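Engineer: Pasting in a structure now, in structure tokens, and then I'll have a few things to ask.
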Amino acid sequence: MRVFSGIQPTGQIHIGNYLGAIKHWVELQENHECVFCIVDLHSLTIPFDPSALQKRILETAITHLAVGINPEKAILFVQSRIKEHTELTWLLNTICPIGELGRMTQYKEKSRQFKKNINAGLLNYPILMAADILLYQTDIVPIGKDQKQHLELTKTIAKKFNQKFKQTFKIPQAQIPKIGAKIMALNDPKKKMSKSVPQSCLFLFDEPQEIKKKIMSAITDTGKIIKFDPAKKPGISNLLTIYSLFDNQPIEELEKHFKDKGYAEFKKSLAKILINSLEPFRRKRKELLSREIYVREILNQGAKRAQVIAKSVIVNVRKKMGLT
Ligand code: TYM
């Protein structure tokens, strides 16, 4: 079974990215053929600084390695290095119904957020994502909830292509965690934690003082009871989810444990759990920051391995479409 997933090098990785996606990649690499992609082409659809892009890509690669992606098991590579992604995007553009693109939630949100930069790439973003996935004949796509709609569109495109040009692509399945698929913003628990809103995030490599400050000031509802109720108590419910996932304890146990305790005590305890759980990641990252050549070599090797798969698939696609 082949696994494919991707992440944008648009900023530091936060605990939402980790709990919703990357944590599961680390588990999947043990018994699946995994392909993980740093999607730099996707990141061009929102405002960015070209002189900082290479640094961001390298940092994103370091993050993968620091949290446990093993380059001997999984392929880790940068999207723009494999030209087949852009070629397949164009080919899929010609079969994707335009109406589907305009109703994508991420497109609507991003065009509201970046009103002065509503570019065609933002609209076509999900087609590039479909190309990423289909180019590797992917079986499983481990993602957070926010990417579900894009995955559904990927399936629609694949089925349409198979119907029109004969069986070509595997139909991929999303793998979305039952708990942690949508970690909410610390500054507004009704919205998701998002890299493009830094004040919403707890980053994986935040220093202990920062973690404490962010958790203690995380927005919670008025009231005193520590209870999981996302509709009425979104703030506390989000923090309970984070606590439960980092401490491997069911939410019900936490509710019992904190029954007669207040928010402050609960938050102090959560900050401690996070400081300890994230410490090995911070340590590994610091070590990797001084090994840039080693990290670049991992990306080179990853690209070579990805290229072999991508090439064989695109040759078949060209043939099916009558281009060769
Ligand atoms: P990106 O870079 O926004 O996020 C990477 C992964 O993190 C998940 N995620 C979250 N999970 C839980 N709670 C949150 N608050 C949260 N925020 C983000 C995302 O669902 C994602 O799995 N379009 C993708 C990148 C991509 C891709 C692909 C993914 C490009 N091609 C092919 C899978 C397959 C994106 O922007 O992810």
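To be explicit about the labels: the chains of the structure tokens are called A, B, and onward in the order shown, and within each one the residues are counted from 1, while ligands get numbers from 1 in the order they are shown.
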Counting only C-alpha atoms and all ligand atoms, what residues are within 7 Å of ligand 1, given as a ChimeraX atom specification?

Structural biologist: /A:4-9,16-21,39,42,128-130,132-133,141-147,180-184,192-194

Engineer: Extract, using only C-alpha atoms, all DNA, RNA and protein residues at most 9 Å from region 92-107 of chain A, discarding same-chain residues fewer than 6 positions from it, and format them as a PDB file with C-alpha atoms, in the first residue's frame.

Structural biologist:
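Output (part.pdb):
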```pdb
ATOM      1  CA  LEU A 122      -5.406  29.715  -5.668  1.00  0.00           C
ATOM      2  CA  LEU A 123      -8.418  28.454  -7.602  1.00  0.00           C
ATOM      3  CA  ASN A 124      -6.510  25.625  -9.295  1.00  0.00           C
ATOM      4  CA  TYR A 125      -4.726  24.624  -6.097  1.00  0.00           C
ATOM      5  CA  PRO A 126      -6.755  21.383  -5.664  1.00  0.00           C
ATOM      6  CA  ILE A 127      -5.826  20.208  -9.166  1.00  0.00           C
ATOM      7  CA  LEU A 128      -2.131  20.422  -8.295  1.00  0.00           C
ATOM      8  CA  ALA A 130      -4.806  15.853  -7.190  1.00  0.00           C
ATOM      9  CA  ALA A 131      -1.761  15.617  -9.474  1.00  0.00           C
ATOM     10  CA  ASP A 146      -9.551  20.608   6.278  1.00  0.00           C
ATOM     11  CA  GLN A 147      -8.137  18.690   3.293  1.00  0.00           C
ATOM     12  CA  GLN A 149     -12.846  18.259   0.383  1.00  0.00           C
ATOM     13  CA  HIS A 150      -9.728  18.387  -1.790  1.00  0.00           C
ATOM     14  CA  LEU A 153     -12.270  16.277  -5.671  1.00  0.00           C
ATOM     15  CA  THR A 156     -13.800  12.755  -8.760  1.00  0.00           C
ATOM     16  CA  ILE A 157     -11.004  13.775 -11.135  1.00  0.00           C
ATOM     17  CA  ALA A 158      -9.427  10.304 -11.056  1.00  0.00           C
ATOM     18  CA  LYS A 160     -13.506  10.985 -14.593  1.00  0.00           C
ATOM     19  CA  PHE A 161     -10.089  10.424 -16.136  1.00  0.00           C
TER      20      PHE A 161
END
```

Engineer: Per DSSP on the backbone, filter region 29-229 of chain A down to the residues in strand (DSSP E) and report them as number ranges by chain.

Structural biologist: A: 33-38, 75-78, 140-142, 173-175

Engineer: For the selection you just gave me, I'd like the residues written to a file as a PDB file, in the first residue's frame, keeping N, CA and C atoms.

Structural biologist:
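Written output follows (out.pdb):
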```pdb
ATOM      1  N   GLU A  33       4.655   1.890   2.056  1.00  0.00           N
ATOM      2  CA  GLU A  33       5.602   2.622   1.216  1.00  0.00           C
ATOM      3  C   GLU A  33       5.167   4.090   1.250  1.00  0.00           C
ATOM      4  N   CYS A  34       5.931   4.929   1.896  1.00  0.00           N
ATOM      5  CA  CYS A  34       5.474   6.308   2.124  1.00  0.00           C
ATOM      6  C   CYS A  34       6.223   7.325   1.271  1.00  0.00           C
ATOM      7  N   VAL A  35       5.462   8.283   0.742  1.00  0.00           N
ATOM      8  CA  VAL A  35       6.034   9.369  -0.049  1.00  0.00           C
ATOM      9  C   VAL A  35       5.545  10.679   0.573  1.00  0.00           C
ATOM     10  N   PHE A  36       6.476  11.491   1.097  1.00  0.00           N
ATOM     11  CA  PHE A  36       6.095  12.751   1.731  1.00  0.00           C
ATOM     12  C   PHE A  36       6.719  13.916   0.968  1.00  0.00           C
ATOM     13  N   CYS A  37       5.884  14.904   0.714  1.00  0.00           N
ATOM     14  CA  CYS A  37       6.264  15.947  -0.233  1.00  0.00           C
ATOM     15  C   CYS A  37       6.164  17.336   0.406  1.00  0.00           C
ATOM     16  N   ILE A  38       7.197  18.133   0.220  1.00  0.00           N
ATOM     17  CA  ILE A  38       7.153  19.529   0.664  1.00  0.00           C
ATOM     18  C   ILE A  38       6.638  20.320  -0.531  1.00  0.00           C
ATOM     19  N   ILE A  75      10.128   8.231   1.467  1.00  0.00           N
ATOM     20  CA  ILE A  75      10.692   9.177   0.493  1.00  0.00           C
ATOM     21  C   ILE A  75      10.284  10.575   0.939  1.00  0.00           C
ATOM     22  N   LEU A  76      11.259  11.484   1.064  1.00  0.00           N
ATOM     23  CA  LEU A  76      10.964  12.884   1.398  1.00  0.00           C
ATOM     24  C   LEU A  76      11.559  13.751   0.298  1.00  0.00           C
ATOM     25  N   PHE A  77      10.718  14.550  -0.340  1.00  0.00           N
ATOM     26  CA  PHE A  77      11.235  15.336  -1.474  1.00  0.00           C
ATOM     27  C   PHE A  77      10.475  16.646  -1.640  1.00  0.00           C
ATOM     28  N   VAL A  78      11.024  17.506  -2.504  1.00  0.00           N
ATOM     29  CA  VAL A  78      10.422  18.821  -2.754  1.00  0.00           C
ATOM     30  C   VAL A  78       9.672  18.763  -4.087  1.00  0.00           C
ATOM     31  N   ILE A 140      -3.417   5.525   0.110  1.00  0.00           N
ATOM     32  CA  ILE A 140      -3.879   6.196   1.341  1.00  0.00           C
ATOM     33  C   ILE A 140      -3.293   7.604   1.433  1.00  0.00           C
ATOM     34  N   VAL A 141      -4.149   8.561   1.806  1.00  0.00           N
ATOM     35  CA  VAL A 141      -3.688   9.949   1.967  1.00  0.00           C
ATOM     36  C   VAL A 141      -3.999  10.405   3.400  1.00  0.00           C
ATOM     37  N   PRO A 142      -3.015  10.347   4.295  1.00  0.00           N
ATOM     38  CA  PRO A 142      -3.265  10.772   5.680  1.00  0.00           C
ATOM     39  C   PRO A 142      -3.265  12.304   5.791  1.00  0.00           C
ATOM     40  N   GLN A 173      -7.744   6.825  -0.953  1.00  0.00           N
ATOM     41  CA  GLN A 173      -8.655   6.988   0.185  1.00  0.00           C
ATOM     42  C   GLN A 173      -8.020   7.924   1.206  1.00  0.00           C
ATOM     43  N   ALA A 174      -8.839   8.809   1.768  1.00  0.00           N
ATOM     44  CA  ALA A 174      -8.332   9.694   2.827  1.00  0.00           C
ATOM     45  C   ALA A 174      -8.214   8.907   4.123  1.00  0.00           C
ATOM     46  N   GLN A 175      -7.211   9.227   4.911  1.00  0.00           N
ATOM     47  CA  GLN A 175      -7.156   8.709   6.283  1.00  0.00           C
ATOM     48  C   GLN A 175      -7.134   9.906   7.221  1.00  0.00           C
TER      49      GLN A 175
END
```

Engineer: I need the residues of region 120-185 of chain A that end up classed as alpha helix (DSSP H) by DSSP on the backbone, written out as number ranges by chain.

Structural biologist: A: 120-134, 148-165

Engineer: Any idea what's packed within 9 Å of region 274-278 of chain A, counting only C-alpha atoms, ignoring anything in its chain fewer than 2 positions away? Could you give it as number ranges by chain?

Structural biologist: A: 204-209, 211-212, 242-243, 246-247, 269-272, 280-283

Engineer: Taking only C-alpha atoms into account, name the residue in A:Val313, A:Glu30, A:Glu252, A:Thr168 that is nearest to Glu72 (chain A).

Structural biologist: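 Residue with the minimum atom-to-atom distance to Glu72 (chain A): A:Glu30.
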
Engineer: Find the residues near region 260-264 of chain A: any atom within 12 Å, counting only C-alpha atoms, skip ones fewer than 2 places away on the same chain, and give them as a count of residues only.

Structural biologist: 30

Engineer: Which residues are close to Gly68 (chain A), i.e. within 10 Å by only C-alpha atoms, leaving aside same-chain residues fewer than 5 positions away? Reply as a PDB file with N, CA, C and O atoms, in the first residue's frame.

Structural biologist:
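Below is the file that was written, result-v9.pdb:
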```pdb
ATOM      1  N   ILE A  22       1.188  14.700  10.531  1.00  0.00           N
ATOM      2  CA  ILE A  22       2.565  14.167  10.543  1.00  0.00           C
ATOM      3  C   ILE A  22       2.783  13.028  11.540  1.00  0.00           C
ATOM      4  O   ILE A  22       3.519  12.085  11.268  1.00  0.00           O
ATOM      5  N   LYS A  23       2.110  13.114  12.676  1.00  0.00           N
ATOM      6  CA  LYS A  23       2.244  12.050  13.679  1.00  0.00           C
ATOM      7  C   LYS A  23       1.861  10.687  13.063  1.00  0.00           C
ATOM      8  O   LYS A  23       2.493   9.668  13.335  1.00  0.00           O
ATOM      9  N   TRP A  25       1.991  10.000   9.840  1.00  0.00           N
ATOM     10  CA  TRP A  25       2.972   9.621   8.817  1.00  0.00           C
ATOM     11  C   TRP A  25       4.091   8.806   9.459  1.00  0.00           C
ATOM     12  O   TRP A  25       4.557   7.826   8.887  1.00  0.00           O
ATOM     13  N   VAL A  26       4.505   9.244  10.662  1.00  0.00           N
ATOM     14  CA  VAL A  26       5.600   8.570  11.354  1.00  0.00           C
ATOM     15  C   VAL A  26       5.207   7.117  11.649  1.00  0.00           C
ATOM     16  O   VAL A  26       6.013   6.199  11.509  1.00  0.00           O
ATOM     17  N   GLU A  27       3.945   6.913  11.991  1.00  0.00           N
ATOM     18  CA  GLU A  27       3.477   5.543  12.260  1.00  0.00           C
ATOM     19  C   GLU A  27       3.370   4.746  10.961  1.00  0.00           C
ATOM     20  O   GLU A  27       3.790   3.596  10.892  1.00  0.00           O
ATOM     21  N   GLN A  29       4.954   4.950   8.174  1.00  0.00           N
ATOM     22  CA  GLN A  29       6.184   4.581   7.465  1.00  0.00           C
ATOM     23  C   GLN A  29       6.723   3.213   7.904  1.00  0.00           C
ATOM     24  O   GLN A  29       7.524   2.602   7.212  1.00  0.00           O
ATOM     25  N   THR A  63      12.046  19.711  10.034  1.00  0.00           N
ATOM     26  CA  THR A  63      10.921  19.374  10.919  1.00  0.00           C
ATOM     27  C   THR A  63      10.516  17.910  10.738  1.00  0.00           C
ATOM     28  O   THR A  63      10.315  17.184  11.716  1.00  0.00           O
ATOM     29  N   PHE A 281      11.801  16.838  20.154  1.00  0.00           N
ATOM     30  CA  PHE A 281      11.738  17.443  18.815  1.00  0.00           C
ATOM     31  C   PHE A 281      12.640  18.680  18.739  1.00  0.00           C
ATOM     32  O   PHE A 281      13.363  18.887  17.775  1.00  0.00           O
ATOM     33  N   LYS A 284      16.319  17.531  18.636  1.00  0.00           N
ATOM     34  CA  LYS A 284      16.707  16.958  17.336  1.00  0.00           C
ATOM     35  C   LYS A 284      16.811  18.067  16.274  1.00  0.00           C
ATOM     36  O   LYS A 284      17.705  18.051  15.430  1.00  0.00           O
TER      37      LYS A 284
END
```

Engineer: When distances are computed from only C-alpha atoms, which of A:His14, A:His24, A:Lys214, A:Lys166 shows the smallest separation from Asn316 (chain A)?

Structural biologist: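 Once distances to Asn316 (chain A) are computed over only C-alpha atoms, the minimum belongs to A:Lys166.
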
Engineer: With the cut-off set at 12 Å and counting only C-alpha atoms, tabulate each residue of region 256-310 of chain A with an atom at most that distance from an atom of region 84-90 of chain A, showing the nearest atom pair and its distance in Å to one decimal, ordered by chain and increasing number, as a tab-separated table.

Structural biologist:
```
residue	atom	partner	partner_atom	distance
A:Ala303	CA	A:Glu84	CA	11.7
A:Ala306	CA	A:Glu84	CA	10.3
A:Gln307	CA	A:Glu84	CA	8.3
A:Val308	CA	A:Glu84	CA	10.7
A:Ile309	CA	A:Glu84	CA	10.1
A:Ala310	CA	A:Glu84	CA	6.4
```
